[in-house]
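Pasted below: final.txt, compact mmCIF, C-alpha atoms.
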# COMPACT_ATOMS: atom_id res chain seq x y z
CA MET A 1 79.55 -33.38 -17.32
CA SER A 2 76.85 -35.86 -18.30
CA GLU A 3 73.29 -34.71 -18.79
CA PRO A 4 71.24 -35.37 -15.63
CA GLN A 5 68.12 -37.51 -15.99
CA ARG A 6 64.77 -35.78 -15.63
CA PRO A 7 63.64 -35.76 -11.99
CA HIS A 8 60.64 -37.86 -11.24
CA LEU A 9 58.71 -39.60 -8.53
CA ILE A 10 58.66 -43.37 -8.92
CA LYS A 11 55.56 -45.24 -7.78
CA LYS A 12 56.18 -48.76 -6.55
CA ASP A 13 53.50 -51.42 -6.26
CA SER A 14 55.23 -53.36 -3.56
CA LEU A 15 58.45 -53.29 -1.64
CA SER A 16 60.04 -56.06 0.36
CA ILE A 17 61.71 -54.55 3.39
CA SER A 18 63.12 -56.36 6.37
CA GLY A 19 65.42 -55.86 9.33
CA GLU A 20 66.17 -52.45 10.71
CA SER A 21 64.53 -50.67 7.78
CA LEU A 22 61.21 -52.36 8.52
CA ILE A 23 61.50 -51.50 12.22
CA GLU A 24 62.17 -47.88 11.26
CA LEU A 25 59.12 -47.79 8.99
CA ILE A 26 56.81 -49.48 11.51
CA ARG A 27 57.88 -46.97 14.15
CA GLY A 28 57.58 -44.02 11.79
CA VAL A 29 54.08 -44.98 10.71
CA HIS A 30 52.97 -45.81 14.28
CA GLN A 31 54.28 -42.48 15.56
CA LYS A 32 51.63 -40.89 13.37
CA GLY A 33 48.94 -43.18 14.80
CA ALA A 34 48.66 -45.21 11.59
CA SER A 35 49.07 -48.93 10.86
CA LEU A 36 51.56 -50.49 8.46
CA ARG A 37 50.54 -53.08 5.86
CA PHE A 38 53.35 -55.29 4.55
CA LEU A 39 54.35 -58.70 3.30
CA ALA A 40 55.02 -61.40 5.90
CA ARG A 41 57.87 -63.83 5.32
CA GLY A 42 58.41 -67.24 6.94
CA ILE A 43 56.33 -70.12 8.26
CA SER A 44 56.74 -69.74 12.01
CA MET A 45 53.12 -68.55 12.41
CA SER A 46 51.56 -71.03 10.05
CA PRO A 47 48.67 -71.77 9.68
CA PHE A 48 47.42 -68.37 10.90
CA ILE A 49 50.03 -66.42 8.94
CA LYS A 50 51.69 -68.05 5.96
CA ASP A 51 54.69 -67.02 3.90
CA GLY A 52 53.54 -64.33 1.46
CA ASP A 53 50.50 -63.19 3.44
CA ILE A 54 49.98 -59.47 3.86
CA ILE A 55 49.65 -58.32 7.43
CA THR A 56 48.56 -55.06 9.00
CA VAL A 57 50.32 -54.03 12.19
CA ALA A 58 48.64 -51.39 14.36
CA PRO A 59 50.37 -49.33 17.07
CA ALA A 60 50.40 -51.18 20.40
CA HIS A 61 49.39 -48.04 22.29
CA GLN A 62 46.00 -47.96 20.56
CA SER A 63 44.85 -51.04 22.46
CA PRO A 64 46.73 -52.79 25.25
CA VAL A 65 48.59 -55.93 24.25
CA SER A 66 47.02 -59.05 25.72
CA LEU A 67 47.36 -62.80 25.83
CA GLY A 68 46.87 -64.42 22.43
CA ASP A 69 47.66 -61.28 20.43
CA ILE A 70 49.94 -61.69 17.46
CA VAL A 71 52.54 -58.98 17.79
CA ALA A 72 55.44 -57.56 15.84
CA PHE A 73 58.45 -57.17 18.11
CA ILE A 74 62.20 -56.72 18.03
CA HIS A 75 63.85 -60.03 18.77
CA PRO A 76 66.36 -59.41 21.58
CA GLU A 77 68.85 -61.94 20.20
CA ASN A 78 69.27 -60.57 16.69
CA GLY A 79 67.51 -57.18 16.72
CA LYS A 80 65.28 -58.21 13.80
CA PRO A 81 61.52 -57.66 13.59
CA VAL A 82 59.52 -60.83 14.21
CA VAL A 83 55.78 -61.53 14.20
CA HIS A 84 54.73 -64.14 16.79
CA ARG A 85 52.02 -64.75 19.40
CA ILE A 86 51.95 -63.78 23.09
CA VAL A 87 51.45 -67.02 25.02
CA GLU A 88 52.13 -65.77 28.54
CA ILE A 89 52.30 -62.44 30.34
CA SER A 90 54.79 -61.90 33.14
CA GLY A 91 54.60 -58.41 34.64
CA SER A 92 55.51 -55.99 31.87
CA SER A 93 57.19 -58.69 29.79
CA PHE A 94 55.77 -61.33 27.48
CA VAL A 95 56.55 -64.89 26.57
CA ILE A 96 56.20 -64.87 22.80
CA ARG A 97 56.35 -67.78 20.42
CA GLY A 98 55.64 -68.73 16.85
CA ASP A 99 52.59 -71.02 16.60
CA ASN A 100 54.60 -73.35 14.39
CA LEU A 101 57.72 -73.39 16.57
CA GLN A 102 58.68 -75.75 19.36
CA LYS A 103 60.51 -73.09 21.35
CA ALA A 104 59.48 -69.68 22.67
CA ASP A 105 61.39 -66.53 21.80
CA GLY A 106 62.03 -65.93 25.48
CA LEU A 107 60.83 -63.20 27.81
CA ILE A 108 60.35 -60.08 25.73
CA PRO A 109 60.11 -56.67 27.47
CA ASP A 110 57.17 -54.52 26.42
CA SER A 111 59.62 -51.93 25.07
CA ASN A 112 60.46 -54.42 22.28
CA ILE A 113 56.83 -54.65 21.13
CA LEU A 114 56.33 -52.75 17.88
CA GLY A 115 52.62 -53.35 17.32
CA ILE A 116 49.70 -55.75 17.08
CA VAL A 117 48.65 -57.66 13.98
CA THR A 118 45.06 -56.66 13.26
CA LYS A 119 44.57 -58.15 9.82
CA VAL A 120 45.96 -60.94 7.65
CA GLU A 121 45.25 -61.14 3.92
CA ARG A 122 45.90 -64.11 1.67
CA ASN A 123 45.12 -64.06 -2.05
CA SER A 124 43.18 -60.79 -1.54
CA ARG A 125 40.96 -62.32 1.14
CA ASN A 126 40.93 -61.66 4.87
CA ILE A 127 42.12 -64.61 6.94
CA TYR A 128 40.67 -65.59 10.30
CA ILE A 129 43.30 -65.07 13.00
CA GLY A 130 41.10 -65.32 16.10
CA LEU A 131 41.02 -61.86 17.60
CA GLY A 132 38.11 -62.49 20.01
CA PHE A 133 38.03 -64.62 23.16
CA GLU A 134 39.28 -67.57 21.14
CA LYS A 135 42.72 -65.97 21.12
CA TYR A 136 43.17 -67.08 24.76
CA LEU A 137 42.52 -70.68 23.75
CA ILE A 138 44.85 -70.33 20.75
CA ALA A 139 47.53 -68.88 23.05
CA ALA A 140 47.10 -71.81 25.43
CA LEU A 141 47.41 -74.29 22.58
CA SER A 142 50.36 -72.46 21.06
CA GLY A 143 52.09 -72.26 24.46
CA ARG A 144 51.87 -76.05 24.73
CA SER A 145 53.05 -76.66 21.16
CA LEU A 146 49.61 -77.93 20.15
CA LEU A 147 49.54 -75.83 17.02
CA THR A 148 52.64 -77.45 15.58
CA SER A 149 52.62 -80.81 13.80
CA PRO A 150 49.69 -83.15 14.59
CA ILE A 151 52.08 -85.88 15.75
CA HIS A 152 53.73 -83.54 18.24
CA ALA A 153 50.29 -82.29 19.35
CA LEU A 154 49.15 -85.89 20.02
CA TYR A 155 52.35 -86.52 21.95
CA VAL A 156 51.77 -83.48 24.16
CA ILE A 157 48.09 -84.42 24.74
CA LYS A 158 49.08 -88.00 25.64
CA LYS A 159 51.78 -86.75 28.01
CA THR A 160 49.36 -84.33 29.71
CA ILE A 161 46.72 -87.06 30.18
CA TRP A 162 49.32 -89.49 31.46
CA ARG A 163 50.58 -86.98 34.03
CA GLY A 164 46.98 -86.36 35.13
CA LEU A 165 46.37 -90.10 35.56
CA GLU A 166 49.61 -90.46 37.47
CA LYS A 167 48.49 -87.77 39.92
CA VAL A 168 45.13 -89.44 40.45
CA PHE A 169 46.21 -93.08 40.74
CA LEU A 170 49.79 -93.04 41.98
CA MET B 1 44.61 -28.16 -3.84
CA GLU B 2 46.79 -25.15 -4.64
CA THR B 3 49.70 -26.24 -6.79
CA ASP B 4 50.99 -22.88 -8.02
CA ILE B 5 54.61 -22.81 -7.00
CA ASN B 6 55.90 -19.58 -5.48
CA LEU B 7 59.67 -19.44 -5.99
CA ASP B 8 60.21 -18.02 -2.51
CA SER B 9 58.33 -20.81 -0.78
CA CYS B 10 59.87 -23.51 1.38
CA PHE B 11 58.48 -27.02 1.70
CA LYS B 12 58.56 -29.90 4.15
CA PRO B 13 57.24 -33.47 4.13
CA SER B 14 53.55 -33.39 5.01
CA ASN B 15 52.01 -35.07 8.03
CA ASP B 16 50.29 -37.49 5.66
CA VAL B 17 53.52 -39.29 4.77
CA VAL B 18 56.34 -41.14 6.45
CA VAL B 19 59.71 -40.60 4.81
CA ARG B 20 62.72 -42.77 5.53
CA GLU B 21 66.02 -43.45 3.83
CA VAL B 22 66.20 -47.16 3.06
CA MET B 23 69.30 -48.63 1.45
CA GLY B 24 70.39 -45.21 0.24
CA LYS B 25 67.02 -44.37 -1.32
CA ILE B 26 64.31 -42.09 -0.09
CA LEU B 27 61.17 -44.08 0.59
CA ILE B 28 57.88 -42.20 0.85
CA VAL B 29 54.95 -44.00 2.45
CA PRO B 30 51.66 -42.08 2.20
CA LEU B 31 49.24 -42.62 5.08
CA THR B 32 45.85 -43.22 3.54
CA SER B 33 42.87 -43.87 5.83
CA GLY B 34 45.26 -44.50 8.70
CA ILE B 35 47.36 -47.07 6.87
CA GLY B 36 50.83 -46.96 5.37
CA ASP B 37 50.81 -49.57 2.66
CA LEU B 38 54.08 -51.16 1.51
CA GLU B 39 52.11 -53.39 -0.84
CA SER B 40 50.46 -50.84 -3.08
CA ASP B 41 51.22 -47.24 -2.37
CA ILE B 42 54.83 -46.25 -1.94
CA PHE B 43 57.12 -43.87 -3.75
CA THR B 44 60.78 -43.33 -4.26
CA LEU B 45 62.77 -40.71 -6.19
CA ASN B 46 65.25 -41.04 -8.99
CA GLU B 47 68.69 -39.52 -8.53
CA SER B 48 67.96 -36.06 -9.87
CA ALA B 49 64.66 -35.85 -8.00
CA ARG B 50 66.58 -36.86 -4.89
CA SER B 51 68.98 -33.95 -5.28
CA ILE B 52 66.02 -31.55 -5.51
CA TRP B 53 64.32 -33.25 -2.52
CA ASP B 54 67.44 -33.02 -0.33
CA ARG B 55 67.75 -29.31 -0.96
CA LEU B 56 64.06 -28.65 -0.36
CA VAL B 57 63.80 -30.56 2.91
CA LYS B 58 66.89 -28.73 4.15
CA GLY B 59 64.72 -25.63 3.99
CA GLU B 60 65.97 -24.04 0.77
CA THR B 61 63.48 -21.97 -1.20
CA VAL B 62 62.47 -23.14 -4.67
CA ARG B 63 64.49 -20.26 -6.10
CA ALA B 64 67.62 -21.32 -4.17
CA VAL B 65 67.20 -24.91 -5.39
CA ILE B 66 66.95 -23.76 -9.00
CA GLU B 67 69.94 -21.46 -8.59
CA SER B 68 72.17 -24.11 -7.06
CA LEU B 69 71.22 -26.67 -9.70
CA SER B 70 71.75 -24.07 -12.44
CA ALA B 71 75.26 -23.49 -11.09
CA GLU B 72 75.90 -27.20 -11.48
CA TYR B 73 74.17 -27.86 -14.82
CA ASP B 74 73.42 -25.94 -17.99
CA ASN B 75 70.08 -24.13 -17.62
CA GLU B 76 70.01 -21.85 -20.63
CA SER B 77 66.74 -23.27 -21.83
CA GLY B 78 65.10 -22.98 -18.39
CA GLU B 79 64.77 -26.72 -18.21
CA ILE B 80 65.82 -26.86 -14.55
CA ASP B 81 63.12 -24.34 -13.60
CA ARG B 82 60.52 -26.51 -15.29
CA ASP B 83 61.88 -29.72 -13.81
CA VAL B 84 61.99 -28.39 -10.24
CA THR B 85 58.55 -26.80 -10.35
CA GLY B 86 57.11 -29.80 -12.19
CA LEU B 87 58.37 -32.23 -9.55
CA LEU B 88 57.25 -29.93 -6.76
CA LYS B 89 53.75 -29.68 -8.21
CA GLU B 90 53.47 -33.45 -8.26
CA LEU B 91 54.79 -33.78 -4.71
CA VAL B 92 52.35 -31.15 -3.47
CA GLN B 93 49.42 -32.62 -5.43
CA ARG B 94 50.10 -36.01 -3.91
CA ARG B 95 50.32 -34.41 -0.43
CA ILE B 96 53.90 -35.56 -0.03
CA LEU B 97 55.29 -32.06 0.50
CA GLU B 98 53.54 -29.03 1.95
CA LYS B 99 54.44 -25.39 1.95
CA ILE B 100 55.85 -24.08 5.22
CA THR B 101 56.50 -20.43 4.56
CA ASN B 102 56.10 -17.66 2.07
CA VAL B 103 59.04 -15.32 2.54

What would you get if you wrote out this structure as structure tokens?
Amino acid sequence: MSEPQRPHLIKKDSLSISGESLIELIRGVHQKGASLRFLARGISMSPFIKDGDIITVAPAHQSPVSLGDIVAFIHPENGKPVVHRIVEISGSSFVIRGDNLQKADGLIPDSNILGIVTKVERNSRNIYIGLGFEKYLIAALSGRSLLTSPIHALYVIKKTIWRGLEKVFL
Amino acid sequence: METDINLDSCFKPSNDVVVREVMGKILIVPLTSGIGDLESDIFTLNESARSIWDRLVKGETVRAVIESLSAEYDNESGEIDRDVTGLLKELVQRRILEKITNV
């Protein structure tokens, strides 16, 4: 029999976890009333959250989820954890969408919400994510795709004005 | 914090940590100031520490853990005793495990 290695605790400085394991950890930490701080991947929430930012997700039961909040939730289509913004509330469900995406994630039941993003860090500095009243404005802009590319934003603004003019003059 | 290890004690993960098995490894996330931090403060166990951990969290006393490992490996020099108590001391000092009973 080979000699066993000495038992020891291994400290890790960072760990990239995704999928079901991340959901498990978020839930485990939230069950104890704590928040989870971890690395965000992807560009769907750019510019508020960029690939490689570190986000802190607090339990949703600590403060009620509201319009404009950036939430971590389980995507109903693939069961993976996603961090996007609430752009509309419909009863106990939410329309959620990435600020940098053209399409919403669909109507997400509140049971799929894992927690609320309370902090974003980039290069060791806190990033403004609009947690005050401005989040309603950001949600409205995001819901109309005005946080995506400037060209698309101009197109949506032009279309909205045109529709308004049509109502008034035609 | 008391770190003297009584051989008849049992231990369990403390309320200050979240422990999950991720990709076959035990992942220990300490909760410091209300935050579990995957970016600076997480622990895992090597294989032999894992075998001690599994026995302990099943509710075995320290003595039972040492005895079962001694049945598996040579312990003439008392190395297993030192390894088990040494690991336990560290886990208790870091508030990862806490004593649940003193039989």

Counting only C-alpha atoms, collect the residues of chain B whose closest atom lies at most 6 Å from chain A, and write them out as a CSV table (one decimal) with C-alpha atoms, in the coordinates of the input.
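The new file iface-v3.csv reads:
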chain,number,residue,atom,x,y,z
B,34,GLY,CA,45.3,-44.5,8.7
B,35,ILE,CA,47.4,-47.1,6.9
B,36,GLY,CA,50.8,-47.0,5.4
B,37,ASP,CA,50.8,-49.6,2.7
B,38,LEU,CA,54.1,-51.2,1.5
B,39,GLU,CA,52.1,-53.4,-0.8
B,40,SER,CA,50.5,-50.8,-3.1
B,42,ILE,CA,54.8,-46.2,-1.9
B,43,PHE,CA,57.1,-43.9,-3.8
B,44,THR,CA,60.8,-43.3,-4.3
B,45,LEU,CA,62.8,-40.7,-6.2
B,48,SER,CA,68.0,-36.1,-9.9
B,49,ALA,CA,64.7,-35.8,-8.0

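Pairwise distance (CA of Ser9 (chain B), CA of Glu76 (chain B)) equals 23.1 Å.
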
Would you mind listing what lies within 10 Å of Leu91 (chain B) as a PDB file with C-alpha atoms, in the frame of the given file, with only C-alpha atoms counted and same-chain residues fewer than 3 positions away left out?
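As a result, result.pdb now contains:
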ATOM      1  CA  HIS A   8      60.640 -37.860 -11.240  1.00  0.00           C
ATOM      2  CA  LEU A   9      58.710 -39.600  -8.530  1.00  0.00           C
TER       3      LEU A   9
ATOM      4  CA  THR B   3      49.700 -26.240  -6.790  1.00  0.00           C
ATOM      5  CA  PRO B  13      57.240 -33.470   4.130  1.00  0.00           C
ATOM      6  CA  SER B  14      53.550 -33.390   5.010  1.00  0.00           C
ATOM      7  CA  TRP B  53      64.320 -33.250  -2.520  1.00  0.00           C
ATOM      8  CA  THR B  85      58.550 -26.800 -10.350  1.00  0.00           C
ATOM      9  CA  GLY B  86      57.110 -29.800 -12.190  1.00  0.00           C
ATOM     10  CA  LEU B  87      58.370 -32.230  -9.550  1.00  0.00           C
ATOM     11  CA  LEU B  88      57.250 -29.930  -6.760  1.00  0.00           C
ATOM     12  CA  ARG B  94      50.100 -36.010  -3.910  1.00  0.00           C
ATOM     13  CA  ARG B  95      50.320 -34.410  -0.430  1.00  0.00           C
ATOM     14  CA  ILE B  96      53.900 -35.560  -0.030  1.00  0.00           C
ATOM     15  CA  LEU B  97      55.290 -32.060   0.500  1.00  0.00           C
ATOM     16  CA  GLU B  98      53.540 -29.030   1.950  1.00  0.00           C
TER      17      GLU B  98
END

Which centre and which edge lengths, in Å to one decimal, describe the axis-aligned box that holds all listed atoms of region 37-43 of chain B after 8 Å is added on each side, as AutoDock Vina command-line options?
--center_x 53.8 --center_y -48.6 --center_z -0.5 --size_x 22.7 --size_y 25.5 --size_z 22.4

**Message:** Excluding Gly79 (chain A) and its own-chain neighbours fewer than 4 positions away, which residues fall within 9 Å of it when counting only C-alpha atoms? Please give them as an NGL selection string.
**Reply:** :A and (19-20 or 74-75)

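Across the structure, CA of Ala140 (chain A) and CA of Phe169 (chain A) are spaced 26.2 Å apart.
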
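Between CA of Arg144 (chain A) and CA of Arg85 (chain A) the interatomic distance comes to 12.5 Å.
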
**Prompt:** Neighbours of Lys99 (chain B) within 7 Å (only C-alpha atoms; same-chain residues fewer than 5 positions away dropped), as a count of residues only?
**Reply:** 4

**Request:** Mind listing whatever residues come within 12 Å of the point (55.5, -67.1, 31.1)? Use all atoms listed in the file, file coordinates, and give them as number ranges by chain.
**Result:** A: 67, 86-97, 104-109, 139-140, 143-144

**Request:** Could you tell me which of B:Glu60, B:Glu67, B:Ile100, B:Asp74 comes closest to Asn15 (chain B) if we count all atoms listed in the file?
**Result:** B:Ile100

Some atoms are absent from region 47-79 of chain B, so rebuild N, CA and C atoms and return them as a PDB file, keeping the file's coordinate frame.
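Result saved to part26.pdb:
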ATOM      1  N   GLU B  47      67.537 -40.246  -9.058  1.00  0.00           N
ATOM      2  CA  GLU B  47      68.690 -39.520  -8.530  1.00  0.00           C
ATOM      3  C   GLU B  47      68.541 -38.007  -8.606  1.00  0.00           C
ATOM      4  N   SER B  48      68.047 -37.519  -9.744  1.00  0.00           N
ATOM      5  CA  SER B  48      67.960 -36.060  -9.870  1.00  0.00           C
ATOM      6  C   SER B  48      66.816 -35.504  -9.019  1.00  0.00           C
ATOM      7  N   ALA B  49      65.748 -36.285  -8.886  1.00  0.00           N
ATOM      8  CA  ALA B  49      64.660 -35.850  -8.000  1.00  0.00           C
ATOM      9  C   ALA B  49      65.156 -35.831  -6.555  1.00  0.00           C
ATOM     10  N   ARG B  50      66.018 -36.788  -6.240  1.00  0.00           N
ATOM     11  CA  ARG B  50      66.580 -36.860  -4.890  1.00  0.00           C
ATOM     12  C   ARG B  50      67.396 -35.603  -4.569  1.00  0.00           C
ATOM     13  N   SER B  51      68.157 -35.125  -5.562  1.00  0.00           N
ATOM     14  CA  SER B  51      68.980 -33.950  -5.280  1.00  0.00           C
ATOM     15  C   SER B  51      68.108 -32.707  -5.061  1.00  0.00           C
ATOM     16  N   ILE B  52      66.964 -32.657  -5.738  1.00  0.00           N
ATOM     17  CA  ILE B  52      66.020 -31.550  -5.510  1.00  0.00           C
ATOM     18  C   ILE B  52      65.390 -31.706  -4.110  1.00  0.00           C
ATOM     19  N   TRP B  53      64.962 -32.937  -3.810  1.00  0.00           N
ATOM     20  CA  TRP B  53      64.320 -33.250  -2.520  1.00  0.00           C
ATOM     21  C   TRP B  53      65.239 -32.848  -1.358  1.00  0.00           C
ATOM     22  N   ASP B  54      66.509 -33.293  -1.433  1.00  0.00           N
ATOM     23  CA  ASP B  54      67.440 -33.020  -0.330  1.00  0.00           C
ATOM     24  C   ASP B  54      67.569 -31.531  -0.063  1.00  0.00           C
ATOM     25  N   ARG B  55      67.621 -30.758  -1.142  1.00  0.00           N
ATOM     26  CA  ARG B  55      67.750 -29.310  -0.960  1.00  0.00           C
ATOM     27  C   ARG B  55      66.468 -28.724  -0.352  1.00  0.00           C
ATOM     28  N   LEU B  56      65.340 -29.193  -0.850  1.00  0.00           N
ATOM     29  CA  LEU B  56      64.060 -28.650  -0.360  1.00  0.00           C
ATOM     30  C   LEU B  56      63.842 -28.957   1.126  1.00  0.00           C
ATOM     31  N   VAL B  57      64.093 -30.221   1.510  1.00  0.00           N
ATOM     32  CA  VAL B  57      63.800 -30.560   2.910  1.00  0.00           C
ATOM     33  C   VAL B  57      64.839 -29.974   3.873  1.00  0.00           C
ATOM     34  N   LYS B  58      65.922 -29.457   3.312  1.00  0.00           N
ATOM     35  CA  LYS B  58      66.890 -28.730   4.150  1.00  0.00           C
ATOM     36  C   LYS B  58      66.381 -27.326   4.443  1.00  0.00           C
ATOM     37  N   GLY B  59      65.311 -26.931   3.745  1.00  0.00           N
ATOM     38  CA  GLY B  59      64.720 -25.630   3.990  1.00  0.00           C
ATOM     39  C   GLY B  59      65.035 -24.587   2.934  1.00  0.00           C
ATOM     40  N   GLU B  60      65.675 -25.011   1.833  1.00  0.00           N
ATOM     41  CA  GLU B  60      65.970 -24.040   0.770  1.00  0.00           C
ATOM     42  C   GLU B  60      64.686 -23.646   0.042  1.00  0.00           C
ATOM     43  N   THR B  61      64.633 -22.382  -0.399  1.00  0.00           N
ATOM     44  CA  THR B  61      63.480 -21.970  -1.200  1.00  0.00           C
ATOM     45  C   THR B  61      63.585 -22.601  -2.589  1.00  0.00           C
ATOM     46  N   VAL B  62      62.472 -22.585  -3.311  1.00  0.00           N
ATOM     47  CA  VAL B  62      62.470 -23.140  -4.670  1.00  0.00           C
ATOM     48  C   VAL B  62      63.502 -22.392  -5.522  1.00  0.00           C
ATOM     49  N   ARG B  63      63.546 -21.071  -5.322  1.00  0.00           N
ATOM     50  CA  ARG B  63      64.490 -20.260  -6.100  1.00  0.00           C
ATOM     51  C   ARG B  63      65.934 -20.702  -5.825  1.00  0.00           C
ATOM     52  N   ALA B  64      66.255 -20.917  -4.542  1.00  0.00           N
ATOM     53  CA  ALA B  64      67.620 -21.320  -4.170  1.00  0.00           C
ATOM     54  C   ALA B  64      67.958 -22.683  -4.768  1.00  0.00           C
ATOM     55  N   VAL B  65      66.979 -23.575  -4.812  1.00  0.00           N
ATOM     56  CA  VAL B  65      67.200 -24.910  -5.390  1.00  0.00           C
ATOM     57  C   VAL B  65      67.523 -24.768  -6.873  1.00  0.00           C
ATOM     58  N   ILE B  66      66.729 -23.943  -7.554  1.00  0.00           N
ATOM     59  CA  ILE B  66      66.950 -23.760  -9.000  1.00  0.00           C
ATOM     60  C   ILE B  66      68.322 -23.133  -9.241  1.00  0.00           C
ATOM     61  N   GLU B  67      68.647 -22.142  -8.402  1.00  0.00           N
ATOM     62  CA  GLU B  67      69.940 -21.460  -8.590  1.00  0.00           C
ATOM     63  C   GLU B  67      71.116 -22.420  -8.370  1.00  0.00           C
ATOM     64  N   SER B  68      71.025 -23.231  -7.323  1.00  0.00           N
ATOM     65  CA  SER B  68      72.170 -24.110  -7.060  1.00  0.00           C
ATOM     66  C   SER B  68      72.289 -25.193  -8.125  1.00  0.00           C
ATOM     67  N   LEU B  69      71.149 -25.667  -8.628  1.00  0.00           N
ATOM     68  CA  LEU B  69      71.220 -26.670  -9.700  1.00  0.00           C
ATOM     69  C   LEU B  69      71.712 -26.030 -11.002  1.00  0.00           C
ATOM     70  N   SER B  70      71.325 -24.769 -11.220  1.00  0.00           N
ATOM     71  CA  SER B  70      71.750 -24.070 -12.440  1.00  0.00           C
ATOM     72  C   SER B  70      73.259 -23.817 -12.433  1.00  0.00           C
ATOM     73  N   ALA B  71      73.816 -23.685 -11.195  1.00  0.00           N
ATOM     74  CA  ALA B  71      75.260 -23.490 -11.090  1.00  0.00           C
ATOM     75  C   ALA B  71      75.991 -24.788 -11.441  1.00  0.00           C
ATOM     76  N   GLU B  72      75.291 -25.882 -11.243  1.00  0.00           N
ATOM     77  CA  GLU B  72      75.900 -27.200 -11.480  1.00  0.00           C
ATOM     78  C   GLU B  72      75.691 -27.665 -12.924  1.00  0.00           C
ATOM     79  N   TYR B  73      74.525 -27.377 -13.476  1.00  0.00           N
ATOM     80  CA  TYR B  73      74.170 -27.860 -14.820  1.00  0.00           C
ATOM     81  C   TYR B  73      73.750 -26.689 -15.718  1.00  0.00           C
ATOM     82  N   ASP B  74      73.835 -26.941 -17.005  1.00  0.00           N
ATOM     83  CA  ASP B  74      73.420 -25.940 -17.990  1.00  0.00           C
ATOM     84  C   ASP B  74      71.904 -25.704 -17.870  1.00  0.00           C
ATOM     85  N   ASN B  75      71.508 -24.428 -17.753  1.00  0.00           N
ATOM     86  CA  ASN B  75      70.080 -24.130 -17.620  1.00  0.00           C
ATOM     87  C   ASN B  75      69.661 -23.014 -18.570  1.00  0.00           C
ATOM     88  N   GLU B  76      70.316 -22.936 -19.693  1.00  0.00           N
ATOM     89  CA  GLU B  76      70.010 -21.850 -20.630  1.00  0.00           C
ATOM     90  C   GLU B  76      68.582 -21.928 -21.124  1.00  0.00           C
ATOM     91  N   SER B  77      68.089 -23.121 -21.299  1.00  0.00           N
ATOM     92  CA  SER B  77      66.740 -23.270 -21.830  1.00  0.00           C
ATOM     93  C   SER B  77      65.664 -23.202 -20.748  1.00  0.00           C
ATOM     94  N   GLY B  78      66.083 -23.047 -19.487  1.00  0.00           N
ATOM     95  CA  GLY B  78      65.100 -22.980 -18.390  1.00  0.00           C
ATOM     96  C   GLY B  78      64.542 -24.342 -18.025  1.00  0.00           C
ATOM     97  N   GLU B  79      65.260 -25.365 -18.457  1.00  0.00           N
ATOM     98  CA  GLU B  79      64.770 -26.720 -18.210  1.00  0.00           C
ATOM     99  C   GLU B  79      64.738 -27.060 -16.710  1.00  0.00           C
TER     100      GLU B  79
END
